[in-house]
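Listing of model24.txt; format and content: compact mmCIF, C-alpha atoms.
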# COMPACT_ATOMS: atom_id res chain seq x y z
CA MET A 1 -16.50 -18.66 -24.47
CA ASN A 2 -15.56 -20.22 -27.81
CA ASP A 3 -14.55 -23.81 -28.53
CA ASP A 4 -10.80 -23.18 -28.20
CA ASP A 5 -11.29 -21.44 -24.84
CA ARG A 6 -13.19 -24.47 -23.53
CA VAL A 7 -10.44 -26.85 -24.66
CA PHE A 8 -7.63 -24.76 -23.16
CA ARG A 9 -9.57 -24.29 -19.93
CA ALA A 10 -10.26 -28.03 -19.71
CA LEU A 11 -6.58 -28.83 -20.29
CA ALA A 12 -5.41 -26.27 -17.72
CA ASP A 13 -6.21 -28.61 -14.83
CA PRO A 14 -3.84 -31.48 -13.85
CA THR A 15 -6.68 -33.78 -12.72
CA ARG A 16 -8.42 -33.40 -16.08
CA ARG A 17 -5.18 -34.10 -17.94
CA LEU A 18 -4.76 -37.19 -15.77
CA LEU A 19 -8.29 -38.35 -16.68
CA LEU A 20 -7.45 -37.93 -20.37
CA ASP A 21 -4.23 -39.91 -19.89
CA ARG A 22 -6.20 -42.69 -18.19
CA LEU A 23 -8.62 -42.81 -21.10
CA PHE A 24 -5.72 -42.79 -23.56
CA GLU A 25 -4.36 -45.90 -21.85
CA ARG A 26 -7.72 -47.61 -21.83
CA ASP A 27 -10.69 -46.07 -23.56
CA GLY A 28 -14.39 -46.54 -22.88
CA ARG A 29 -14.53 -46.50 -19.08
CA THR A 30 -17.27 -45.98 -16.52
CA LEU A 31 -17.27 -43.27 -13.87
CA THR A 32 -16.76 -45.95 -11.21
CA GLU A 33 -13.62 -47.26 -12.92
CA LEU A 34 -12.15 -43.78 -13.35
CA GLU A 35 -13.03 -42.80 -9.81
CA SER A 36 -11.23 -45.86 -8.37
CA GLU A 37 -7.92 -44.61 -9.78
CA LEU A 38 -8.16 -41.09 -8.46
CA GLU A 39 -7.98 -39.85 -4.90
CA MET A 40 -11.09 -37.81 -5.30
CA THR A 41 -14.79 -37.99 -4.51
CA ARG A 42 -17.21 -39.32 -7.09
CA PHE A 43 -18.73 -35.87 -7.28
CA GLY A 44 -15.32 -34.32 -7.99
CA VAL A 45 -14.58 -36.76 -10.80
CA MET A 46 -18.05 -36.16 -12.27
CA LYS A 47 -17.44 -32.42 -12.28
CA HIS A 48 -14.14 -32.80 -14.12
CA LEU A 49 -15.64 -35.23 -16.61
CA ARG A 50 -18.46 -32.80 -17.31
CA LEU A 51 -16.00 -30.01 -18.12
CA LEU A 52 -14.07 -32.38 -20.41
CA GLU A 53 -17.33 -33.34 -22.09
CA GLU A 54 -18.33 -29.70 -22.57
CA ALA A 55 -14.95 -29.06 -24.18
CA GLY A 56 -15.57 -32.02 -26.49
CA LEU A 57 -12.51 -33.87 -25.20
CA VAL A 58 -14.58 -36.70 -23.75
CA ALA A 59 -17.47 -38.36 -25.57
CA THR A 60 -19.93 -40.63 -23.78
CA ARG A 61 -21.88 -43.62 -25.09
CA LYS A 62 -24.53 -45.73 -23.42
CA GLN A 63 -23.74 -49.42 -23.42
CA GLY A 64 -26.49 -51.40 -21.79
CA ARG A 65 -27.03 -49.72 -18.42
CA GLU A 66 -23.55 -48.24 -18.34
CA LYS A 67 -22.30 -44.89 -19.52
CA LEU A 68 -18.84 -45.22 -21.02
CA HIS A 69 -16.37 -42.34 -21.40
CA PHE A 70 -14.18 -42.11 -24.49
CA LEU A 71 -11.25 -39.83 -25.23
CA ASN A 72 -12.14 -37.64 -28.21
CA PRO A 73 -8.88 -36.26 -29.63
CA VAL A 74 -10.46 -34.23 -32.46
CA PRO A 75 -10.54 -30.83 -30.65
CA ILE A 76 -6.80 -31.15 -29.94
CA ARG A 77 -6.21 -31.89 -33.61
CA LEU A 78 -8.23 -28.81 -34.58
CA ILE A 79 -6.11 -26.63 -32.28
CA HIS A 80 -3.03 -28.21 -33.82
CA ASP A 81 -4.29 -27.46 -37.34
CA ARG A 82 -5.26 -23.91 -36.44
CA TRP A 83 -2.24 -22.89 -34.36
CA ILE A 84 0.73 -25.20 -34.56
CA ASP A 85 0.68 -25.69 -38.34
CA LYS A 86 0.47 -21.96 -38.86
CA TYR A 87 3.67 -21.26 -36.94
CA THR A 88 5.67 -24.24 -38.15
CA GLU A 89 4.82 -23.35 -41.75
CA ARG A 90 6.06 -19.82 -41.25
CA ARG A 91 9.29 -21.09 -39.69
CA VAL A 92 9.86 -23.45 -42.59
CA SER A 93 9.25 -20.73 -45.13
CA ALA A 94 11.52 -18.33 -43.20
CA LEU A 95 14.30 -20.92 -43.41
CA ALA A 96 13.63 -21.40 -47.10
CA ASP A 97 13.87 -17.65 -47.63
CA LEU A 98 17.12 -17.53 -45.68
CA LYS A 99 18.57 -20.31 -47.79
CA THR A 100 17.63 -18.51 -51.01
CA GLU A 101 19.09 -15.27 -49.73
CA LEU A 102 22.38 -16.84 -48.60
CA GLU A 103 22.78 -18.82 -51.78
CA ASP A 104 22.03 -15.82 -53.98
CA ALA A 105 24.57 -13.75 -52.06
CA GLY A 106 27.23 -16.44 -52.39
CA MET B 107 3.55 -43.34 -22.89
CA THR B 108 2.47 -46.97 -22.54
CA THR B 109 3.08 -49.42 -25.34
CA MET B 110 0.44 -49.82 -28.03
CA THR B 111 -0.39 -53.39 -27.04
CA GLU B 112 -1.71 -52.23 -23.67
CA ILE B 113 -4.05 -49.74 -25.21
CA ASN B 114 -7.62 -50.84 -25.70
CA LEU B 115 -8.69 -49.63 -29.12
CA THR B 116 -11.55 -52.00 -29.89
CA THR B 117 -14.10 -49.19 -29.71
CA GLN B 118 -13.09 -45.71 -30.80
CA VAL B 119 -15.29 -42.62 -30.62
CA TYR B 120 -14.65 -39.36 -32.43
CA GLN B 121 -16.84 -36.25 -32.32
CA VAL B 122 -16.71 -32.91 -34.03
CA PHE B 123 -19.06 -29.91 -34.27
CA ILE B 124 -19.41 -28.67 -37.82
CA LYS B 125 -21.11 -25.48 -38.95
CA ALA B 126 -23.22 -27.16 -41.62
CA THR B 127 -26.63 -28.80 -41.98
CA PRO B 128 -26.95 -32.57 -41.55
CA GLU B 129 -27.80 -32.75 -45.27
CA ARG B 130 -24.47 -31.17 -46.28
CA ILE B 131 -22.52 -33.46 -43.96
CA TRP B 132 -24.36 -36.49 -45.34
CA GLU B 133 -23.49 -35.36 -48.86
CA ALA B 134 -19.83 -34.95 -47.89
CA ILE B 135 -19.56 -38.47 -46.48
CA THR B 136 -21.42 -40.24 -49.28
CA ASN B 137 -20.35 -38.33 -52.42
CA PRO B 138 -16.96 -39.29 -53.94
CA GLU B 139 -16.38 -35.74 -55.24
CA PHE B 140 -16.24 -34.64 -51.59
CA THR B 141 -14.40 -37.61 -50.10
CA THR B 142 -11.38 -37.12 -52.38
CA LYS B 143 -10.86 -33.76 -50.67
CA TYR B 144 -10.56 -35.01 -47.09
CA PHE B 145 -10.40 -38.85 -46.96
CA TYR B 146 -6.73 -39.34 -47.89
CA GLY B 147 -7.69 -38.67 -51.50
CA ALA B 148 -9.90 -41.75 -51.68
CA ARG B 149 -13.06 -41.80 -53.80
CA ILE B 150 -15.83 -43.29 -51.69
CA GLU B 151 -19.20 -44.28 -53.11
CA VAL B 152 -22.06 -45.11 -50.78
CA THR B 153 -25.37 -46.71 -51.69
CA PRO B 154 -28.02 -48.17 -49.35
CA GLU B 155 -26.35 -51.57 -49.91
CA TRP B 156 -22.61 -50.97 -49.95
CA ARG B 157 -19.75 -48.50 -49.46
CA ARG B 158 -16.96 -48.82 -52.00
CA THR B 159 -13.54 -47.14 -51.82
CA TYR B 160 -11.18 -46.37 -54.71
CA ALA B 161 -7.53 -45.39 -54.39
CA PRO B 162 -6.69 -41.72 -55.16
CA ASP B 163 -6.32 -40.55 -58.79
CA GLY B 164 -8.86 -42.95 -60.23
CA GLY B 165 -6.91 -45.92 -58.93
CA ASP B 166 -7.94 -49.45 -58.08
CA SER B 167 -10.85 -50.40 -55.90
CA TRP B 168 -9.89 -50.85 -52.26
CA GLY B 169 -12.91 -53.08 -51.83
CA GLU B 170 -16.33 -52.59 -50.39
CA GLY B 171 -18.15 -53.02 -47.13
CA ALA B 172 -21.82 -53.83 -46.59
CA VAL B 173 -24.02 -50.91 -45.52
CA THR B 174 -26.26 -52.10 -42.68
CA GLU B 175 -28.06 -48.86 -41.85
CA PHE B 176 -28.74 -46.06 -44.32
CA GLU B 177 -30.87 -43.24 -42.94
CA PRO B 178 -30.04 -39.96 -44.71
CA PRO B 179 -29.13 -37.47 -43.34
CA ARG B 180 -28.75 -38.83 -39.82
CA ARG B 181 -27.22 -42.28 -39.63
CA LEU B 182 -24.93 -44.51 -41.69
CA VAL B 183 -23.51 -47.83 -40.54
CA HIS B 184 -21.13 -49.88 -42.65
CA GLU B 185 -18.55 -52.61 -42.54
CA TRP B 186 -14.90 -51.52 -42.58
CA ARG B 187 -12.02 -53.30 -44.24
CA SER B 188 -8.67 -51.55 -44.62
CA GLY B 189 -8.29 -52.18 -48.35
CA TYR B 190 -5.46 -49.63 -48.61
CA ASN B 191 -3.07 -52.07 -46.94
CA PRO B 192 -2.92 -55.86 -47.67
CA GLU B 193 -1.78 -56.74 -44.15
CA LEU B 194 -4.63 -54.81 -42.57
CA SER B 195 -7.27 -55.94 -45.05
CA ALA B 196 -6.51 -59.58 -44.17
CA GLU B 197 -7.91 -58.89 -40.70
CA GLU B 198 -11.56 -59.41 -39.78
CA PRO B 199 -13.95 -56.65 -40.84
CA SER B 200 -14.94 -54.04 -38.26
CA ARG B 201 -17.83 -51.56 -38.14
CA VAL B 202 -18.14 -47.79 -38.57
CA THR B 203 -21.18 -45.78 -37.45
CA TRP B 204 -21.70 -42.16 -38.54
CA GLU B 205 -24.27 -40.19 -36.53
CA ILE B 206 -25.27 -36.65 -37.45
CA GLU B 207 -27.29 -34.64 -34.94
CA PRO B 208 -28.47 -31.07 -35.60
CA GLN B 209 -27.57 -28.59 -32.82
CA ASP B 210 -28.40 -24.96 -32.07
CA GLY B 211 -26.78 -22.16 -34.03
CA GLY B 212 -26.56 -23.91 -37.40
CA LEU B 213 -24.17 -26.52 -36.02
CA SER B 214 -24.30 -30.28 -36.35
CA LEU B 215 -22.55 -32.81 -34.15
CA LEU B 216 -20.88 -35.57 -36.13
CA THR B 217 -20.01 -38.71 -34.17
CA VAL B 218 -17.95 -41.51 -35.70
CA VAL B 219 -17.81 -44.77 -33.77
CA HIS B 220 -15.38 -47.37 -35.07
CA ASP B 221 -16.00 -50.60 -33.18
CA ARG B 222 -15.99 -54.40 -33.40
CA LEU B 223 -12.23 -54.09 -33.82
CA GLU B 224 -11.45 -57.13 -31.66
CA GLY B 225 -10.43 -59.16 -34.70
CA ALA B 226 -8.49 -56.33 -36.32
CA PRO B 227 -5.83 -55.04 -33.91
CA LYS B 228 -3.56 -53.66 -36.65
CA THR B 229 -6.46 -51.84 -38.27
CA ALA B 230 -7.40 -50.48 -34.83
CA ALA B 231 -3.92 -49.07 -34.30
CA SER B 232 -3.81 -47.71 -37.86
CA VAL B 233 -7.06 -45.74 -37.67
CA ALA B 234 -6.61 -44.60 -34.05
CA GLY B 235 -5.66 -41.05 -33.24
CA PRO B 236 -4.32 -39.25 -36.30
CA GLY B 237 -6.14 -41.64 -38.69
CA TRP B 238 -9.70 -40.56 -37.99
CA MET B 239 -8.66 -37.16 -36.66
CA MET B 240 -7.23 -36.14 -40.03
CA VAL B 241 -10.44 -37.22 -41.76
CA LEU B 242 -12.71 -35.35 -39.37
CA SER B 243 -10.68 -32.15 -39.14
CA GLY B 244 -10.38 -32.20 -42.94
CA LEU B 245 -14.13 -32.70 -43.32
CA LYS B 246 -14.85 -29.83 -40.92
CA THR B 247 -12.45 -27.50 -42.74
CA LEU B 248 -13.87 -28.43 -46.13
CA LEU B 249 -17.49 -27.82 -45.09
CA GLU B 250 -16.78 -24.61 -43.19
CA THR B 251 -14.34 -22.95 -45.58
CA GLY B 252 -14.90 -24.75 -48.88
CA GLU B 253 -11.15 -25.46 -48.99
CA PRO B 254 -9.42 -28.78 -48.38
CA LEU B 255 -7.06 -28.92 -45.42
CA THR B 256 -3.49 -28.63 -46.67
CA GLY B 257 -0.45 -30.40 -45.32

Is it possible to express this structure as structure tokens?
Amino acid sequence: MNDDDRVFRALADPTRRLLLDRLFERDGRTLTELESELEMTRFGVMKHLRLLEEAGLVATRKQGREKLHFLNPVPIRLIHDRWIDKYTERRVSALADLKTELEDAG
Amino acid sequence: MTTMTEINLTTQVYQVFIKATPERIWEAITNPEFTTKYFYGARIEVTPEWRRTYAPDGGDSWGEGAVTEFEPPRRLVHEWRSGYNPELSAEEPSRVTWEIEPQDGGLSLLTVVHDRLEGAPKTAASVAGPGWMMVLSGLKTLLETGEPLTG
């Protein structure tokens, strides 16, 4: 499985998207904090966080005795750069071509 | 989406895997010839004592920050002031930590931690999200393809 597959797989689950949204609202949280907002066992939340970490969407840092979870948006940016830009560029250039063609004809 | 004021941005963590040795990544973050290609065009000089930024196209100095840890090619810690914007640069200085860890398969994991942003809320909002993301995706593209990221 490549990096993009891991990101798409991680994002395919509503609970994992919810965890990312929670971190977007307030970054740098412990497992206990995140768990308290979800109707799910600690083990379940851990499992989802691990998948997000493997996909690079969550980064963890030790702070004292606590492990804090941070939203890492870089993989989403990379997918944007690789996929979205490619298609929007083509659409823009297609429109530019159309304009040239119409104006030349007129 | 919640409003920006509710979002806690005082510590921000960004990570990216790059197919390059720690030495090449270190070179790219400390050599101005590289930084112009991915850091919003800025020329950035780094010595063991300070990190100085110049505006694109040989422009004015955007000021300097003290370097507090300088351990090539693994760890760089420096003060951050947003010299590119007078309103932001009037805020208290914050701190940026670059960590480079070699991984299997010729990869390195680059972690950027921007913290101590309590006294710089406008800077925090300015660098959050797209700010650092553009830098890191540009750096990855440059090192992996030799070409700057366009657009």

From atom CA of B:Ile206 to atom CA of B:Phe176 the spacing works out at 12.2 Å

Spatial neighbours of B:Lys246, 10 Å, all atoms listed in the file, chain gap at least 4 places, as a list in words: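 What passes the distance filter is Leu78 of chain A; Val122, Phe123, Ile124, Lys125, Ala126, Ile131, Ala134, Tyr144, Leu216, Met240, Val241, Leu242, Glu250, Thr251, Gly252, Glu253, Pro254 and Leu255 of chain B.
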
Interface residues on chain A facing chain B, 10 Å, all atoms listed in the file, written as an MDAnalysis selection string: chainID A and resid 3 21 23:28 56:61 69:79 81 85 89

Could you write those residues out with C-alpha atoms, as a short mmCIF file (atom, residue, chain, number, x, y, z; two decimals), keeping the file's coordinate frame?
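See part.cif below for the written result:
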data_model
loop_
_atom_site.label_atom_id
_atom_site.label_comp_id
_atom_site.auth_asym_id
_atom_site.auth_seq_id
_atom_site.Cartn_x
_atom_site.Cartn_y
_atom_site.Cartn_z
CA ASP A 3 -14.55 -23.81 -28.53
CA ASP A 21 -4.23 -39.91 -19.89
CA LEU A 23 -8.62 -42.81 -21.10
CA PHE A 24 -5.72 -42.79 -23.56
CA GLU A 25 -4.36 -45.90 -21.85
CA ARG A 26 -7.72 -47.61 -21.83
CA ASP A 27 -10.69 -46.07 -23.56
CA GLY A 28 -14.39 -46.54 -22.88
CA GLY A 56 -15.57 -32.02 -26.49
CA LEU A 57 -12.51 -33.87 -25.20
CA VAL A 58 -14.58 -36.70 -23.75
CA ALA A 59 -17.47 -38.36 -25.57
CA THR A 60 -19.93 -40.63 -23.78
CA ARG A 61 -21.88 -43.62 -25.09
CA HIS A 69 -16.37 -42.34 -21.40
CA PHE A 70 -14.18 -42.11 -24.49
CA LEU A 71 -11.25 -39.83 -25.23
CA ASN A 72 -12.14 -37.64 -28.21
CA PRO A 73 -8.88 -36.26 -29.63
CA VAL A 74 -10.46 -34.23 -32.46
CA PRO A 75 -10.54 -30.83 -30.65
CA ILE A 76 -6.80 -31.15 -29.94
CA ARG A 77 -6.21 -31.89 -33.61
CA LEU A 78 -8.23 -28.81 -34.58
CA ILE A 79 -6.11 -26.63 -32.28
CA ASP A 81 -4.29 -27.46 -37.34
CA ASP A 85 0.68 -25.69 -38.34
CA GLU A 89 4.82 -23.35 -41.75
#

task = Kindly extract all protein, DNA and RNA residues lying within 12 Å of the coordinates (-6.8, -34.9, -16.0) given in the file, considering all atoms listed in the file, and supply them as a PyMOL selection string.
result = chain A and resi 9-24+34-35+37-38+40+44-52+57-58+71

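The smallest atom-to-atom distance between A:Glu53 and any of A:Ile84, A:Val7, A:Leu31, A:Leu98, using all atoms listed in the file, is found for A:Val7.
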
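Rounded to one decimal, atom CA of B:Arg130 and atom CA of B:Phe145 lie 16.0 Å from each other.
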
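Remark: for B:Glu139, the closest of the candidate residues B:Val218, B:Leu248, B:Val183, B:Val202 is B:Leu248 (distances computed over only C-alpha atoms).
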
May I ask for the distance between atom CA of A:Tyr87 and atom CA of A:Thr100, given in Å to one decimal place?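 Pair atom CA of A:Tyr87 / atom CA of A:Thr100 returns 20.0 Å.
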
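Between B:Trp156 and the candidates B:Glu205, B:Glu129, B:Asp221, B:Glu185, the tightest atom-to-atom separation, counting only C-alpha atoms, involves B:Glu185.
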
How about completing stretch 11-37 of chain A with N, CA and C atoms and giving it to me as a PDB file, keeping the file's coordinate frame?
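In the end it all went to result-v6.pdb:
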ATOM      1  N   LEU A  11      -7.936 -28.270 -20.370  1.00  0.00           N
ATOM      2  CA  LEU A  11      -6.580 -28.830 -20.290  1.00  0.00           C
ATOM      3  C   LEU A  11      -5.729 -28.156 -19.215  1.00  0.00           C
ATOM      4  N   ALA A  12      -6.215 -27.021 -18.695  1.00  0.00           N
ATOM      5  CA  ALA A  12      -5.410 -26.270 -17.720  1.00  0.00           C
ATOM      6  C   ALA A  12      -5.355 -26.932 -16.353  1.00  0.00           C
ATOM      7  N   ASP A  13      -6.143 -27.983 -16.145  1.00  0.00           N
ATOM      8  CA  ASP A  13      -6.210 -28.610 -14.830  1.00  0.00           C
ATOM      9  C   ASP A  13      -5.514 -29.975 -14.820  1.00  0.00           C
ATOM     10  N   PRO A  14      -4.598 -30.213 -13.846  1.00  0.00           N
ATOM     11  CA  PRO A  14      -3.840 -31.480 -13.850  1.00  0.00           C
ATOM     12  C   PRO A  14      -4.721 -32.715 -13.685  1.00  0.00           C
ATOM     13  N   THR A  15      -5.796 -32.617 -12.886  1.00  0.00           N
ATOM     14  CA  THR A  15      -6.680 -33.780 -12.720  1.00  0.00           C
ATOM     15  C   THR A  15      -7.345 -34.138 -14.037  1.00  0.00           C
ATOM     16  N   ARG A  16      -7.753 -33.128 -14.797  1.00  0.00           N
ATOM     17  CA  ARG A  16      -8.420 -33.400 -16.080  1.00  0.00           C
ATOM     18  C   ARG A  16      -7.429 -33.971 -17.088  1.00  0.00           C
ATOM     19  N   ARG A  17      -6.188 -33.510 -17.042  1.00  0.00           N
ATOM     20  CA  ARG A  17      -5.180 -34.100 -17.940  1.00  0.00           C
ATOM     21  C   ARG A  17      -4.935 -35.558 -17.561  1.00  0.00           C
ATOM     22  N   LEU A  18      -4.949 -35.817 -16.249  1.00  0.00           N
ATOM     23  CA  LEU A  18      -4.760 -37.190 -15.770  1.00  0.00           C
ATOM     24  C   LEU A  18      -5.913 -38.086 -16.252  1.00  0.00           C
ATOM     25  N   LEU A  19      -7.134 -37.577 -16.186  1.00  0.00           N
ATOM     26  CA  LEU A  19      -8.290 -38.350 -16.680  1.00  0.00           C
ATOM     27  C   LEU A  19      -8.130 -38.669 -18.167  1.00  0.00           C
ATOM     28  N   LEU A  20      -7.662 -37.691 -18.932  1.00  0.00           N
ATOM     29  CA  LEU A  20      -7.450 -37.930 -20.370  1.00  0.00           C
ATOM     30  C   LEU A  20      -6.370 -38.982 -20.594  1.00  0.00           C
ATOM     31  N   ASP A  21      -5.303 -38.904 -19.781  1.00  0.00           N
ATOM     32  CA  ASP A  21      -4.230 -39.910 -19.890  1.00  0.00           C
ATOM     33  C   ASP A  21      -4.758 -41.308 -19.566  1.00  0.00           C
ATOM     34  N   ARG A  22      -5.616 -41.381 -18.554  1.00  0.00           N
ATOM     35  CA  ARG A  22      -6.200 -42.690 -18.190  1.00  0.00           C
ATOM     36  C   ARG A  22      -7.040 -43.229 -19.346  1.00  0.00           C
ATOM     37  N   LEU A  23      -7.788 -42.366 -19.972  1.00  0.00           N
ATOM     38  CA  LEU A  23      -8.620 -42.810 -21.100  1.00  0.00           C
ATOM     39  C   LEU A  23      -7.764 -43.153 -22.319  1.00  0.00           C
ATOM     40  N   PHE A  24      -6.633 -42.471 -22.459  1.00  0.00           N
ATOM     41  CA  PHE A  24      -5.720 -42.790 -23.560  1.00  0.00           C
ATOM     42  C   PHE A  24      -5.189 -44.215 -23.389  1.00  0.00           C
ATOM     43  N   GLU A  25      -4.883 -44.554 -22.126  1.00  0.00           N
ATOM     44  CA  GLU A  25      -4.360 -45.900 -21.850  1.00  0.00           C
ATOM     45  C   GLU A  25      -5.426 -46.960 -22.076  1.00  0.00           C
ATOM     46  N   ARG A  26      -6.623 -46.665 -21.615  1.00  0.00           N
ATOM     47  CA  ARG A  26      -7.720 -47.610 -21.830  1.00  0.00           C
ATOM     48  C   ARG A  26      -8.998 -46.806 -21.998  1.00  0.00           C
ATOM     49  N   ASP A  27      -9.556 -46.901 -23.186  1.00  0.00           N
ATOM     50  CA  ASP A  27     -10.690 -46.070 -23.560  1.00  0.00           C
ATOM     51  C   ASP A  27     -11.999 -46.749 -23.164  1.00  0.00           C
ATOM     52  N   GLY A  28     -13.070 -45.973 -23.112  1.00  0.00           N
ATOM     53  CA  GLY A  28     -14.390 -46.540 -22.880  1.00  0.00           C
ATOM     54  C   GLY A  28     -14.589 -47.022 -21.452  1.00  0.00           C
ATOM     55  N   ARG A  29     -14.438 -46.096 -20.475  1.00  0.00           N
ATOM     56  CA  ARG A  29     -14.530 -46.500 -19.080  1.00  0.00           C
ATOM     57  C   ARG A  29     -15.722 -45.861 -18.378  1.00  0.00           C
ATOM     58  N   THR A  30     -16.177 -46.527 -17.318  1.00  0.00           N
ATOM     59  CA  THR A  30     -17.270 -45.980 -16.520  1.00  0.00           C
ATOM     60  C   THR A  30     -16.724 -44.995 -15.497  1.00  0.00           C
ATOM     61  N   LEU A  31     -17.636 -44.199 -14.936  1.00  0.00           N
ATOM     62  CA  LEU A  31     -17.270 -43.270 -13.870  1.00  0.00           C
ATOM     63  C   LEU A  31     -16.654 -44.020 -12.691  1.00  0.00           C
ATOM     64  N   THR A  32     -17.251 -45.157 -12.343  1.00  0.00           N
ATOM     65  CA  THR A  32     -16.760 -45.950 -11.210  1.00  0.00           C
ATOM     66  C   THR A  32     -15.309 -46.386 -11.420  1.00  0.00           C
ATOM     67  N   GLU A  33     -14.995 -46.845 -12.631  1.00  0.00           N
ATOM     68  CA  GLU A  33     -13.620 -47.260 -12.920  1.00  0.00           C
ATOM     69  C   GLU A  33     -12.651 -46.086 -12.785  1.00  0.00           C
ATOM     70  N   LEU A  34     -13.034 -44.952 -13.373  1.00  0.00           N
ATOM     71  CA  LEU A  34     -12.150 -43.780 -13.350  1.00  0.00           C
ATOM     72  C   LEU A  34     -11.959 -43.275 -11.922  1.00  0.00           C
ATOM     73  N   GLU A  35     -13.051 -43.304 -11.182  1.00  0.00           N
ATOM     74  CA  GLU A  35     -13.030 -42.800  -9.810  1.00  0.00           C
ATOM     75  C   GLU A  35     -12.082 -43.644  -8.940  1.00  0.00           C
ATOM     76  N   SER A  36     -12.043 -44.968  -9.200  1.00  0.00           N
ATOM     77  CA  SER A  36     -11.230 -45.860  -8.370  1.00  0.00           C
ATOM     78  C   SER A  36      -9.741 -45.569  -8.515  1.00  0.00           C
ATOM     79  N   GLU A  37      -9.342 -44.885  -9.580  1.00  0.00           N
ATOM     80  CA  GLU A  37      -7.920 -44.610  -9.780  1.00  0.00           C
ATOM     81  C   GLU A  37      -7.503 -43.223  -9.301  1.00  0.00           C
TER      82      GLU A  37
END
